[in-house]
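Structure file structure26.pdb (PDB, C-alpha atoms) follows.
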```pdb
ATOM      1  CA  MET A  26     -60.548  19.779  25.784
ATOM      2  CA  THR A  27     -63.505  17.567  26.414
ATOM      3  CA  GLU A  28     -64.999  17.343  29.889
ATOM      4  CA  HIS A  29     -67.037  14.274  29.027
ATOM      5  CA  SER A  30     -66.384  11.079  30.966
ATOM      6  CA  PRO A  31     -64.774   8.150  29.107
ATOM      7  CA  VAL A  32     -68.101   6.299  29.324
ATOM      8  CA  ALA A  33     -69.933   9.183  27.606
ATOM      9  CA  ILE A  34     -67.313   9.366  24.840
ATOM     10  CA  TRP A  35     -67.433   5.610  24.218
ATOM     11  CA  ALA A  36     -71.221   5.764  24.203
ATOM     12  CA  ALA A  37     -71.100   8.479  21.528
ATOM     13  CA  ILE A  38     -68.602   6.473  19.452
ATOM     14  CA  LEU A  39     -70.664   3.284  19.626
ATOM     15  CA  LEU A  40     -74.001   5.012  18.961
ATOM     16  CA  ILE A  41     -72.597   6.834  15.924
ATOM     17  CA  GLY A  42     -70.940   3.608  14.780
ATOM     18  CA  VAL A  43     -74.112   1.524  14.985
ATOM     19  CA  ALA A  44     -76.251   4.230  13.346
ATOM     20  CA  THR A  45     -73.724   4.729  10.546
ATOM     21  CA  TYR A  46     -73.515   0.998   9.877
ATOM     22  CA  LEU A  47     -77.311   0.724   9.713
ATOM     23  CA  ILE A  48     -77.407   3.656   7.253
ATOM     24  CA  ARG A  49     -74.842   1.888   5.064
ATOM     25  CA  LEU A  50     -76.665  -1.424   5.290
ATOM     26  CA  SER A  51     -80.152   0.034   4.727
ATOM     27  CA  PHE A  52     -80.801  -0.484   1.028
ATOM     28  CA  ILE A  53     -78.096  -3.097   0.518
ATOM     29  CA  HIS A  54     -80.082  -5.213   2.972
ATOM     30  CA  LEU A  55     -83.578  -4.231   1.878
ATOM     31  CA  PHE A  56     -83.040  -4.400  -1.858
ATOM     32  CA  GLY A  57     -85.901  -6.311  -3.439
ATOM     33  CA  ARG A  58     -88.308  -5.198  -0.745
ATOM     34  CA  ILE A  59     -87.810  -1.457  -1.245
ATOM     35  CA  ASP A  60     -86.406  -0.771  -4.676
ATOM     36  CA  ASP A  61     -85.404   2.822  -4.457
ATOM     37  CA  VAL A  62     -85.117   5.867  -2.251
ATOM     38  CA  PRO A  63     -88.343   7.882  -2.440
ATOM     39  CA  PRO A  64     -87.661  10.747  -4.912
ATOM     40  CA  ALA A  65     -88.501  13.501  -2.413
ATOM     41  CA  LEU A  66     -86.005  12.071   0.087
ATOM     42  CA  GLU A  67     -83.363  11.675  -2.600
ATOM     43  CA  ARG A  68     -83.752  15.315  -3.626
ATOM     44  CA  ALA A  69     -83.271  16.444  -0.028
ATOM     45  CA  LEU A  70     -80.311  14.111   0.527
ATOM     46  CA  ARG A  71     -78.390  15.663  -2.358
ATOM     47  CA  PHE A  72     -78.207  18.878  -0.337
ATOM     48  CA  VAL A  73     -76.843  17.208   2.779
ATOM     49  CA  PRO A  74     -73.138  17.310   1.832
ATOM     50  CA  PRO A  75     -72.923  21.009   0.821
ATOM     51  CA  ALA A  76     -75.129  22.163   3.713
ATOM     52  CA  VAL A  77     -73.370  20.152   6.413
ATOM     53  CA  LEU A  78     -69.857  20.850   5.169
ATOM     54  CA  ALA A  79     -70.476  24.599   4.898
ATOM     55  CA  GLY A  80     -71.984  24.527   8.399
ATOM     56  CA  LEU A  81     -68.749  22.981   9.627
ATOM     57  CA  VAL A  82     -66.350  25.223   7.689
ATOM     58  CA  ALA A  83     -67.916  28.660   8.130
ATOM     59  CA  PRO A  84     -67.907  28.972  11.951
ATOM     60  CA  ALA A  85     -64.422  27.432  12.082
ATOM     61  CA  VAL A  86     -62.904  30.124   9.848
ATOM     62  CA  ILE A  87     -65.168  33.135  10.437
ATOM     63  CA  THR A  88     -65.178  34.937  13.765
ATOM     64  CA  VAL A  89     -67.485  37.934  13.722
ATOM     65  CA  GLY A  90     -65.520  40.863  15.204
ATOM     66  CA  PRO A  91     -66.629  44.303  16.381
ATOM     67  CA  THR A  92     -65.850  45.853  12.964
ATOM     68  CA  LEU A  93     -65.891  44.574   9.389
ATOM     69  CA  GLU A  94     -62.129  44.975   9.225
ATOM     70  CA  ALA A  95     -61.595  42.963  12.382
ATOM     71  CA  THR A  96     -63.772  40.211  10.925
ATOM     72  CA  ILE A  97     -61.983  40.056   7.586
ATOM     73  CA  VAL A  98     -58.387  40.517   8.741
ATOM     74  CA  ASP A  99     -58.251  37.135  10.411
ATOM     75  CA  GLU A 100     -55.543  34.583   9.633
ATOM     76  CA  ARG A 101     -58.049  31.721   9.595
ATOM     77  CA  LEU A 102     -60.400  33.399   7.154
ATOM     78  CA  LEU A 103     -57.638  34.607   4.817
ATOM     79  CA  ALA A 104     -55.932  31.207   4.801
ATOM     80  CA  ALA A 105     -59.297  29.505   4.173
ATOM     81  CA  VAL A 106     -60.061  31.790   1.213
ATOM     82  CA  LEU A 107     -56.721  30.860  -0.338
ATOM     83  CA  ALA A 108     -57.293  27.152   0.387
ATOM     84  CA  GLY A 109     -60.777  27.430  -1.148
ATOM     85  CA  ALA A 110     -59.254  28.831  -4.334
ATOM     86  CA  VAL A 111     -56.764  25.959  -4.424
ATOM     87  CA  ALA A 112     -59.595  23.454  -3.867
ATOM     88  CA  TRP A 113     -61.526  25.047  -6.725
ATOM     89  CA  ARG A 114     -58.580  24.834  -9.109
ATOM     90  CA  THR A 115     -57.134  21.444  -8.144
ATOM     91  CA  GLU A 116     -59.906  19.497  -6.327
ATOM     92  CA  ASP A 117     -56.975  17.939  -4.483
ATOM     93  CA  MET A 118     -57.187  17.413  -0.737
ATOM     94  CA  PHE A 119     -53.448  17.293  -0.168
ATOM     95  CA  ALA A 120     -52.848  20.571  -2.055
ATOM     96  CA  THR A 121     -55.768  22.249  -0.270
ATOM     97  CA  ILE A 122     -54.580  21.320   3.216
ATOM     98  CA  GLY A 123     -50.984  22.199   2.314
ATOM     99  CA  ALA A 124     -51.801  25.646   0.904
ATOM    100  CA  GLY A 125     -54.142  26.447   3.784
ATOM    101  CA  MET A 126     -51.722  25.416   6.536
ATOM    102  CA  VAL A 127     -48.738  27.231   4.987
ATOM    103  CA  ALA A 128     -50.816  30.404   4.516
ATOM    104  CA  PHE A 129     -52.071  30.080   8.096
ATOM    105  CA  TRP A 130     -48.549  29.730   9.515
ATOM    106  CA  VAL A 131     -47.139  32.571   7.396
ATOM    107  CA  LEU A 132     -49.970  34.882   8.463
ATOM    108  CA  ARG A 133     -49.797  33.843  12.107
ATOM    109  CA  PHE A 134     -46.051  33.718  12.708
ATOM    110  CA  VAL A 135     -44.641  36.122  10.076
ATOM    111  CA  VAL A 136     -47.195  38.743   9.024
ATOM    112  CA  MET A 137     -49.501  39.325  11.969
TER     113      MET A 137
ATOM    114  CA  MET E  22     -56.015 -13.064  -5.787
ATOM    115  CA  HIS E  23     -59.075 -12.335  -7.926
ATOM    116  CA  ALA E  24     -58.399 -10.219 -11.039
ATOM    117  CA  ASP E  25     -61.179  -7.778 -10.150
ATOM    118  CA  PHE E  26     -59.672  -7.299  -6.700
ATOM    119  CA  ARG E  27     -56.379  -6.335  -8.330
ATOM    120  CA  THR E  28     -58.122  -3.933 -10.731
ATOM    121  CA  GLY E  29     -59.925  -2.263  -7.822
ATOM    122  CA  ALA E  30     -56.735  -2.007  -5.797
ATOM    123  CA  ARG E  31     -55.034  -0.331  -8.757
ATOM    124  CA  ASP E  32     -57.888   2.097  -9.431
ATOM    125  CA  VAL E  33     -57.952   3.232  -5.811
ATOM    126  CA  ILE E  34     -54.321   4.371  -5.591
ATOM    127  CA  PRO E  35     -54.872   8.069  -6.489
ATOM    128  CA  VAL E  36     -57.785   8.211  -4.045
ATOM    129  CA  LEU E  37     -55.524   7.061  -1.205
ATOM    130  CA  LEU E  38     -53.583  10.332  -1.519
ATOM    131  CA  GLY E  39     -56.723  12.088  -0.277
ATOM    132  CA  VAL E  40     -57.603   9.480   2.343
ATOM    133  CA  ALA E  41     -54.185   9.616   4.027
ATOM    134  CA  PRO E  42     -54.149  13.301   5.084
ATOM    135  CA  PHE E  43     -57.834  13.120   6.014
ATOM    136  CA  ALA E  44     -57.248  10.223   8.424
ATOM    137  CA  THR E  45     -54.119  11.891   9.795
ATOM    138  CA  VAL E  46     -56.114  15.027  10.574
ATOM    139  CA  VAL E  47     -58.798  12.887  12.258
ATOM    140  CA  GLY E  48     -56.154  11.368  14.539
ATOM    141  CA  ILE E  49     -54.583  14.745  15.368
ATOM    142  CA  ALA E  50     -57.956  16.388  16.012
ATOM    143  CA  ALA E  51     -59.103  13.585  18.302
ATOM    144  CA  ILE E  52     -56.039  13.928  20.534
ATOM    145  CA  ASP E  53     -56.325  17.753  20.486
ATOM    146  CA  ALA E  54     -59.955  17.455  21.607
ATOM    147  CA  GLY E  55     -58.924  15.376  24.604
ATOM    148  CA  LEU E  56     -59.824  11.884  23.406
ATOM    149  CA  THR E  57     -57.514   9.057  24.454
ATOM    150  CA  PRO E  58     -55.548   7.220  21.740
ATOM    151  CA  MET E  59     -57.830   4.186  22.192
ATOM    152  CA  GLN E  60     -60.927   6.343  21.728
ATOM    153  CA  ALA E  61     -59.444   8.013  18.645
ATOM    154  CA  ILE E  62     -58.542   4.682  17.037
ATOM    155  CA  GLY E  63     -61.777   3.031  18.182
ATOM    156  CA  MET E  64     -63.758   5.802  16.535
ATOM    157  CA  SER E  65     -61.978   5.311  13.204
ATOM    158  CA  LEU E  66     -62.706   1.581  13.439
ATOM    159  CA  PHE E  67     -66.332   1.681  14.593
ATOM    160  CA  VAL E  68     -67.555   4.785  12.762
ATOM    161  CA  TYR E  69     -65.212   4.758   9.743
ATOM    162  CA  ALA E  70     -66.705   7.921   8.214
ATOM    163  CA  GLY E  71     -64.327  10.870   8.339
ATOM    164  CA  SER E  72     -66.552  13.942   8.057
ATOM    165  CA  SER E  73     -68.853  12.716  10.803
ATOM    166  CA  GLN E  74     -65.871  11.775  12.952
ATOM    167  CA  LEU E  75     -64.329  15.238  12.662
ATOM    168  CA  ALA E  76     -67.649  16.900  13.473
ATOM    169  CA  ALA E  77     -68.167  14.591  16.460
ATOM    170  CA  ILE E  78     -64.603  15.221  17.641
ATOM    171  CA  GLU E  79     -65.069  19.004  17.460
ATOM    172  CA  LEU E  80     -68.331  18.817  19.370
ATOM    173  CA  LEU E  81     -66.912  16.412  21.963
ATOM    174  CA  GLY E  82     -63.978  18.820  22.416
ATOM    175  CA  GLU E  83     -66.470  21.572  23.241
ATOM    176  CA  THR E  84     -68.271  19.193  25.626
ATOM    177  CA  ALA E  85     -71.485  19.505  23.624
ATOM    178  CA  PRO E  86     -74.285  17.199  24.848
ATOM    179  CA  ILE E  87     -73.838  13.611  23.627
ATOM    180  CA  VAL E  88     -77.283  13.767  21.969
ATOM    181  CA  VAL E  89     -76.133  16.701  19.810
ATOM    182  CA  VAL E  90     -72.869  14.931  18.974
ATOM    183  CA  VAL E  91     -74.651  11.763  17.850
ATOM    184  CA  PHE E  92     -77.442  13.619  16.031
ATOM    185  CA  THR E  93     -74.998  15.793  14.084
ATOM    186  CA  ALA E  94     -72.895  12.794  13.056
ATOM    187  CA  ILE E  95     -76.001  10.940  11.866
ATOM    188  CA  ILE E  96     -77.139  13.912   9.741
ATOM    189  CA  ILE E  97     -73.723  13.986   8.077
ATOM    190  CA  ASN E  98     -73.847  10.262   7.340
ATOM    191  CA  LEU E  99     -77.405  10.237   6.013
ATOM    192  CA  ARG E 100     -76.004  10.842   2.524
ATOM    193  CA  MET E 101     -74.871   7.224   2.568
ATOM    194  CA  VAL E 102     -78.511   6.141   2.257
ATOM    195  CA  MET E 103     -78.151   7.270  -1.364
ATOM    196  CA  TYR E 104     -74.976   5.241  -1.848
ATOM    197  CA  SER E 105     -76.588   2.201  -0.278
ATOM    198  CA  ALA E 106     -79.625   2.435  -2.564
ATOM    199  CA  SER E 107     -77.565   3.077  -5.652
ATOM    200  CA  ILE E 108     -75.085   0.231  -5.137
ATOM    201  CA  ALA E 109     -77.665  -2.277  -3.828
ATOM    202  CA  PRO E 110     -78.761  -3.711  -7.209
ATOM    203  CA  HIS E 111     -75.131  -4.533  -8.029
ATOM    204  CA  LEU E 112     -74.693  -6.509  -4.810
ATOM    205  CA  ALA E 113     -78.159  -8.069  -4.715
ATOM    206  CA  ASP E 114     -77.049 -11.533  -5.904
ATOM    207  CA  TYR E 115     -74.758 -12.146  -2.969
ATOM    208  CA  ARG E 116     -75.717 -13.851   0.258
ATOM    209  CA  ARG E 117     -77.114 -11.766   3.050
ATOM    210  CA  ARG E 118     -74.026 -12.290   5.206
ATOM    211  CA  THR E 119     -71.712 -11.161   2.397
ATOM    212  CA  ARG E 120     -73.785  -8.031   1.884
ATOM    213  CA  ALA E 121     -73.748  -7.270   5.623
ATOM    214  CA  PHE E 122     -69.938  -7.525   5.511
ATOM    215  CA  LEU E 123     -69.587  -5.369   2.389
ATOM    216  CA  ALA E 124     -71.837  -2.651   3.841
ATOM    217  CA  TYR E 125     -69.270  -1.735   6.504
ATOM    218  CA  PHE E 126     -66.844  -0.562   3.801
ATOM    219  CA  LEU E 127     -69.289   1.772   2.051
ATOM    220  CA  THR E 128     -67.461   5.117   1.977
ATOM    221  CA  ASP E 129     -67.736   8.087  -0.406
ATOM    222  CA  GLN E 130     -64.670   6.885  -2.267
ATOM    223  CA  ALA E 131     -65.463   3.147  -2.391
ATOM    224  CA  TYR E 132     -68.960   3.969  -3.607
ATOM    225  CA  ALA E 133     -67.861   6.415  -6.308
ATOM    226  CA  LEU E 134     -65.144   4.167  -7.755
ATOM    227  CA  SER E 135     -67.200   0.965  -7.646
ATOM    228  CA  LEU E 136     -70.302   2.443  -9.188
ATOM    229  CA  THR E 137     -68.282   4.010 -12.012
ATOM    230  CA  ALA E 138     -66.679   0.657 -12.773
ATOM    231  CA  TYR E 139     -70.009  -1.222 -12.607
ATOM    232  CA  GLU E 140     -71.674   1.225 -14.956
ATOM    233  CA  ASN E 141     -68.810   0.961 -17.428
ATOM    234  CA  ASP E 142     -69.225  -2.830 -17.400
ATOM    235  CA  ALA E 143     -65.579  -3.082 -16.435
ATOM    236  CA  VAL E 144     -66.150  -5.694 -13.725
ATOM    237  CA  ASP E 145     -66.983  -9.426 -13.749
ATOM    238  CA  ASP E 146     -67.347  -9.917 -10.038
ATOM    239  CA  GLU E 147     -68.764  -6.846  -8.289
ATOM    240  CA  ARG E 148     -67.853  -8.110  -4.852
ATOM    241  CA  TRP E 149     -64.138  -8.547  -5.565
ATOM    242  CA  TYR E 150     -63.765  -5.184  -7.290
ATOM    243  CA  TYR E 151     -65.508  -3.469  -4.377
ATOM    244  CA  LEU E 152     -63.225  -5.191  -1.883
ATOM    245  CA  GLY E 153     -60.197  -4.340  -4.016
ATOM    246  CA  VAL E 154     -61.121  -0.674  -3.703
ATOM    247  CA  ALA E 155     -62.314  -0.761  -0.103
ATOM    248  CA  THR E 156     -59.541  -2.784   1.547
ATOM    249  CA  PRO E 157     -56.687  -0.338   0.802
ATOM    250  CA  ILE E 158     -58.903   2.585   1.840
ATOM    251  CA  SER E 159     -59.669   0.994   5.210
ATOM    252  CA  ILE E 160     -56.032   0.045   5.819
ATOM    253  CA  VAL E 161     -54.765   3.546   4.968
ATOM    254  CA  TRP E 162     -57.579   4.979   7.098
ATOM    255  CA  MET E 163     -56.556   3.043  10.198
ATOM    256  CA  VAL E 164     -52.779   3.406   9.751
ATOM    257  CA  CYS E 165     -52.997   7.166   9.165
ATOM    258  CA  THR E 166     -55.364   7.605  12.106
ATOM    259  CA  VAL E 167     -52.649   6.042  14.284
ATOM    260  CA  ILE E 168     -50.019   8.328  12.688
ATOM    261  CA  GLY E 169     -52.279  11.308  13.464
ATOM    262  CA  VAL E 170     -52.675  10.162  17.069
ATOM    263  CA  VAL E 171     -48.888  10.016  17.461
ATOM    264  CA  LEU E 172     -48.407  13.421  15.756
ATOM    265  CA  GLY E 173     -51.241  14.970  17.763
ATOM    266  CA  ALA E 174     -49.565  13.923  20.993
ATOM    267  CA  GLY E 175     -46.139  15.198  19.871
ATOM    268  CA  ILE E 176     -46.746  18.530  18.126
ATOM    269  CA  PRO E 177     -47.330  21.580  20.327
ATOM    270  CA  GLU E 178     -50.734  23.202  20.238
ATOM    271  CA  SER E 179     -49.369  26.610  19.134
ATOM    272  CA  TRP E 180     -48.835  25.154  15.631
ATOM    273  CA  GLY E 181     -52.587  25.212  15.249
ATOM    274  CA  LEU E 182     -52.689  21.822  13.525
ATOM    275  CA  SER E 183     -56.415  21.583  14.215
ATOM    276  CA  PHE E 184     -56.863  24.264  11.533
ATOM    277  CA  ALA E 185     -56.401  21.376   9.101
ATOM    278  CA  VAL E 186     -59.913  20.202  10.091
ATOM    279  CA  PRO E 187     -61.879  22.987   8.344
ATOM    280  CA  LEU E 188     -59.411  22.724   5.435
ATOM    281  CA  VAL E 189     -60.374  19.061   4.973
ATOM    282  CA  PHE E 190     -64.042  20.019   4.926
ATOM    283  CA  LEU E 191     -63.296  22.826   2.481
ATOM    284  CA  ALA E 192     -61.492  20.395   0.162
ATOM    285  CA  ILE E 193     -64.621  18.201   0.084
ATOM    286  CA  LEU E 194     -67.094  21.101   0.026
ATOM    287  CA  VAL E 195     -65.805  23.013  -2.996
ATOM    288  CA  PRO E 196     -66.214  20.154  -5.520
ATOM    289  CA  VAL E 197     -69.763  19.332  -4.307
ATOM    290  CA  MET E 198     -70.978  22.902  -4.943
ATOM    291  CA  LYS E 199     -71.819  21.837  -8.481
ATOM    292  CA  ASP E 200     -74.820  24.029  -9.264
ATOM    293  CA  ARG E 201     -76.806  27.019  -8.038
ATOM    294  CA  PRO E 202     -79.126  25.114  -5.644
ATOM    295  CA  ARG E 203     -76.248  23.340  -3.932
ATOM    296  CA  THR E 204     -74.257  26.569  -3.693
ATOM    297  CA  VAL E 205     -77.270  28.264  -2.096
ATOM    298  CA  ALA E 206     -77.629  25.362   0.368
ATOM    299  CA  ALA E 207     -73.982  25.768   1.360
ATOM    300  CA  ALA E 208     -74.107  29.577   1.630
ATOM    301  CA  VAL E 209     -77.284  29.651   3.719
ATOM    302  CA  SER E 210     -76.087  26.898   6.030
ATOM    303  CA  GLY E 211     -72.751  28.688   6.498
ATOM    304  CA  VAL E 212     -74.375  32.023   7.324
ATOM    305  CA  VAL E 213     -76.804  30.438   9.798
ATOM    306  CA  ALA E 214     -74.024  28.434  11.448
ATOM    307  CA  VAL E 215     -71.890  31.590  11.903
ATOM    308  CA  ALA E 216     -74.873  33.589  13.198
ATOM    309  CA  LEU E 217     -75.655  30.828  15.707
ATOM    310  CA  ALA E 218     -72.005  30.236  16.653
ATOM    311  CA  GLY E 219     -72.754  30.942  20.309
ATOM    312  CA  ALA E 220     -76.017  28.979  20.407
ATOM    313  CA  PRO E 221     -76.571  26.610  23.330
ATOM    314  CA  PHE E 222     -75.806  22.887  22.860
ATOM    315  CA  ASN E 223     -73.829  23.723  19.684
ATOM    316  CA  LEU E 224     -77.080  23.606  17.752
ATOM    317  CA  GLY E 225     -75.778  26.072  15.135
ATOM    318  CA  LEU E 226     -74.541  23.294  12.853
ATOM    319  CA  PRO E 227     -77.613  21.018  12.776
ATOM    320  CA  ILE E 228     -79.975  24.007  12.496
ATOM    321  CA  GLY E 229     -77.824  25.596   9.781
ATOM    322  CA  ALA E 230     -77.719  22.297   7.867
ATOM    323  CA  VAL E 231     -81.487  21.826   7.958
ATOM    324  CA  VAL E 232     -82.152  25.444   6.921
ATOM    325  CA  GLY E 233     -79.528  25.105   4.165
ATOM    326  CA  ILE E 234     -81.121  21.911   2.817
ATOM    327  CA  CYS E 235     -84.526  23.657   2.733
ATOM    328  CA  ALA E 236     -82.981  26.669   0.953
ATOM    329  CA  GLY E 237     -81.426  24.368  -1.646
ATOM    330  CA  LEU E 238     -84.739  22.582  -2.253
ATOM    331  CA  LEU E 239     -86.530  25.926  -2.539
ATOM    332  CA  THR E 240     -83.971  27.236  -5.050
ATOM    333  CA  GLU E 241     -84.483  24.120  -7.148
ATOM    334  CA  VAL E 242     -88.269  24.490  -7.075
ATOM    335  CA  ILE E 243     -88.069  28.161  -8.129
ATOM    336  CA  ARG E 244     -85.601  27.373 -10.907
ATOM    337  CA  ASN E 245     -87.701  24.573 -12.329
ATOM    338  CA  ARG E 246     -90.818  26.681 -12.597
TER     339      ARG E 246
END
```
Can you turn what I pasted into C-alpha cells?
Amino acid sequence: MTEHSPVAIWAAILLIGVATYLIRLSFIHLFGRIDDVPPALERALRFVPPAVLAGLVAPAVITVGPTLEATIVDERLLAAVLAGAVAWRTEDMFATIGAGMVAFWVLRFVVM
Amino acid sequence: MHADFRTGARDVIPVLLGVAPFATVVGIAAIDAGLTPMQAIGMSLFVYAGSSQLAAIELLGETAPIVVVVFTAIIINLRMVMYSASIAPHLADYRRRTRAFLAYFLTDQAYALSLTAYENDAVDDERWYYLGVATPISIVWMVCTVIGVVLGAGIPESWGLSFAVPLVFLAILVPVMKDRPRTVAAAVSGVVAVALAGAPFNLGLPIGAVVGICAGLLTEVIRNR
C-alpha cells in the first residue's frame, strides 16, 4: 500500500497526464514544421515497447530464490509461462489473462 | 451520425474485448495499491494510457519516489511520439483546435485501426473515422476502470487479483517481439530488471528498459553488417 500523501499522488497523476498529452500532441501539432521523427530516434523508439514491457513482467513473475528449483517452482512463474504460451498462440488479451489467472489459482490453492 | 464514424465504431468492436479487461485490471490494481477511487478514476481520465498507468500504480504502491514514477510512465508513453508523427499527415488539414482535441484520444488501438483504414483508402473523412474508433475505446476504458475500482474494493487480497497486471503486460509483450532485435531488447531488459529487483528508488525498470533498448539497437547494427 502506498505511503504517499494524496497531494503527491495527484501530482504524479497530473504530471504524467500532461506529459502524455504533450507526447500525443507533439507531431500532430508540429506537422508542417517538423515533417518526421529523426530516423535514429525512430529506430530507438521501436524498442521501447518490448524493453519496457519485459522490464515490467520479469520482476513481477520471477523471484530469485536460494536454489534454481526454488526459483523455478513458483506459482507466478509457472502461470506466466503458460499465459505466455497462450499469448503466443492466440494474441488475445482476454484468453491470456484468463489462462494465467486460472493456472495461478490452481497452483496456489490446489497444487502447492 | 457521419458514415465514417459508424464504420470506425464497427471496426473497433473486437478491440474493445481487449480494452475491457485491461481497464478492469487498472481499476483493481489502483485500489490494491492504496489509491482512492477518485485517484484511480482520475488517472484513467487524465493519463488514459494503460501500460503507463499500471506501471505508475505499481510504483506508487511501493512508495517509489514520485520522480521515478513520473519518469517511468513517460518512458513507456514515448512510443506515442511515433504514432503522433505517423498519423499527423492524415490530420493536417483540420484546424489546430480540432487536432488538439483529437490528440487526447491517441492510443495504441485507435492509432493502429485508423492508420490501417487511412492507408487502405477506406475513409472519406479521417476525423470522423478516428472519432468512431476512439470514442467507444474511451467509454469502455472509463466504465471498466470504475468496474475494476468496485471489484478491487470488494474482492479479498488473497485471491491475488493483482497478478492480472503482469498478465496484461505479457499479452501485449508477446505480439511485439516480432524479430530477433526486439526479442533481444525484451530479454536483456527483463534480466536486468530481475537482477536489479532490490535496487533503490525502483530504478530496476527504467535502467533495464534503457539497457534493453541499447541491446536491441546493437543487435540490429550487428545483423545489418
- Message: Can you pull out the residues contacting Tyr125 of chain E? Cut-off 8 Å, using only C-alpha atoms, and skip same-chain residues under 4 positions away; I want them as a ChimeraX atom specification.
- Response: /A:46,49-50 /E:121
- Task: Could the residues of chain E within 6 Å of chain A, counting all atoms listed in the file, be given as a ChimeraX atom specification, please?
- Result: /E:39,54-55,64,67-68,81-84,91,100-102,105-106,109,124,187-188,190,192,194,206-207,210-211,214-215,226,230,233-234
- Message: Rounded to one decimal, what separation in Å do you get between atom CA of Ala95 of chain A and atom CA of Ala220 of chain E?
- Response: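 Those two atoms sit 21.6 Å apart.
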- Reference answer for the PyMOL selection byres ((chain E and resi 129) around 10), as a list of chain:residue names: E:Ala70, E:Gly71, E:Arg100, E:Met101, E:Tyr104, E:Phe126, E:Leu127, E:Thr128, E:Gln130, E:Ala131, E:Tyr132, E:Ala133, E:Leu134
- Task: Write out as a count of residues only the residues lying within 7 Å of Trp162 of chain E, counting all atoms listed in the file and excluding same-chain residues fewer than 4 positions away.
- Result: 5
- Message: So the first atom is atom CA of Ala128 of chain A and the second is atom CA of Val98 of chain A; what is the distance between them in Å, to one decimal place?
- Response: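 Computed distance, atom CA of Ala128 of chain A to atom CA of Val98 of chain A, equals 13.3 Å.
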- Message: Translate the PyMOL selection byres ((chain E and resi 46) around 8) into a concrete residue list for this structure, as a list in words.
- Response: Pro42, Phe43, Ala44, Thr45, Val47, Gly48, Ile49, Ala50, Thr166, Gly169, Ser183, Ala185 and Val186 of chain E
- Computed interatomic separation between atom CA of Ser135 of chain E and atom CA of Ile108 of chain E (Å): 8.3 Å
- Query: Any chance you could work out the residue set of the PyMOL selection byres ((chain E and resi 151-156) around 7) here, as a list in words?
  - Reply: Phe26, Arg27, Gly29, Ala30, Val33, Phe126, Ala131, Ser135, Glu147, Arg148, Trp149, Tyr150, Pro157, Ile158, Ser159 and Ile160 of chain E
Padding of 8 Å on every side, edges along x, y and z, all listed atoms of segment 115-121 of chain A included: what centre and edge lengths in Å, to one decimal, does that box have, as JSON?
```
{"center_x": -56.4, "center_y": 19.8, "center_z": -4.2, "size_x": 23.1, "size_y": 21.0, "size_z": 24.0}
```
Return segment 183-194 of chain E, completed with N, CA and C atoms, as a PDB file, keeping the file's coordinate frame.
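Just written: rebuild.pdb:
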```pdb
ATOM      1  N   SER E 183     -54.985  21.877  14.348  1.00  0.00           N
ATOM      2  CA  SER E 183     -56.415  21.583  14.215  1.00  0.00           C
ATOM      3  C   SER E 183     -57.065  22.447  13.136  1.00  0.00           C
ATOM      4  N   PHE E 184     -56.338  23.475  12.655  1.00  0.00           N
ATOM      5  CA  PHE E 184     -56.863  24.264  11.533  1.00  0.00           C
ATOM      6  C   PHE E 184     -56.976  23.398  10.274  1.00  0.00           C
ATOM      7  N   ALA E 185     -56.278  22.281  10.243  1.00  0.00           N
ATOM      8  CA  ALA E 185     -56.401  21.376   9.101  1.00  0.00           C
ATOM      9  C   ALA E 185     -57.812  20.794   8.998  1.00  0.00           C
ATOM     10  N   VAL E 186     -58.559  20.788  10.111  1.00  0.00           N
ATOM     11  CA  VAL E 186     -59.913  20.202  10.091  1.00  0.00           C
ATOM     12  C   VAL E 186     -60.846  20.965   9.139  1.00  0.00           C
ATOM     13  N   PRO E 187     -61.033  22.294   9.320  1.00  0.00           N
ATOM     14  CA  PRO E 187     -61.879  22.987   8.344  1.00  0.00           C
ATOM     15  C   PRO E 187     -61.325  22.919   6.923  1.00  0.00           C
ATOM     16  N   LEU E 188     -59.987  22.815   6.786  1.00  0.00           N
ATOM     17  CA  LEU E 188     -59.411  22.724   5.435  1.00  0.00           C
ATOM     18  C   LEU E 188     -59.822  21.424   4.757  1.00  0.00           C
ATOM     19  N   VAL E 189     -59.895  20.333   5.531  1.00  0.00           N
ATOM     20  CA  VAL E 189     -60.374  19.061   4.973  1.00  0.00           C
ATOM     21  C   VAL E 189     -61.807  19.220   4.487  1.00  0.00           C
ATOM     22  N   PHE E 190     -62.639  19.829   5.318  1.00  0.00           N
ATOM     23  CA  PHE E 190     -64.042  20.019   4.926  1.00  0.00           C
ATOM     24  C   PHE E 190     -64.142  20.894   3.681  1.00  0.00           C
ATOM     25  N   LEU E 191     -63.297  21.926   3.635  1.00  0.00           N
ATOM     26  CA  LEU E 191     -63.296  22.826   2.481  1.00  0.00           C
ATOM     27  C   LEU E 191     -62.925  22.060   1.205  1.00  0.00           C
ATOM     28  N   ALA E 192     -61.934  21.175   1.327  1.00  0.00           N
ATOM     29  CA  ALA E 192     -61.492  20.395   0.162  1.00  0.00           C
ATOM     30  C   ALA E 192     -62.611  19.492  -0.359  1.00  0.00           C
ATOM     31  N   ILE E 193     -63.493  19.033   0.541  1.00  0.00           N
ATOM     32  CA  ILE E 193     -64.621  18.201   0.084  1.00  0.00           C
ATOM     33  C   ILE E 193     -65.766  19.089  -0.374  1.00  0.00           C
ATOM     34  N   LEU E 194     -65.950  20.223   0.307  1.00  0.00           N
ATOM     35  CA  LEU E 194     -67.094  21.101   0.026  1.00  0.00           C
ATOM     36  C   LEU E 194     -67.039  21.697  -1.382  1.00  0.00           C
TER      37      LEU E 194
END
```
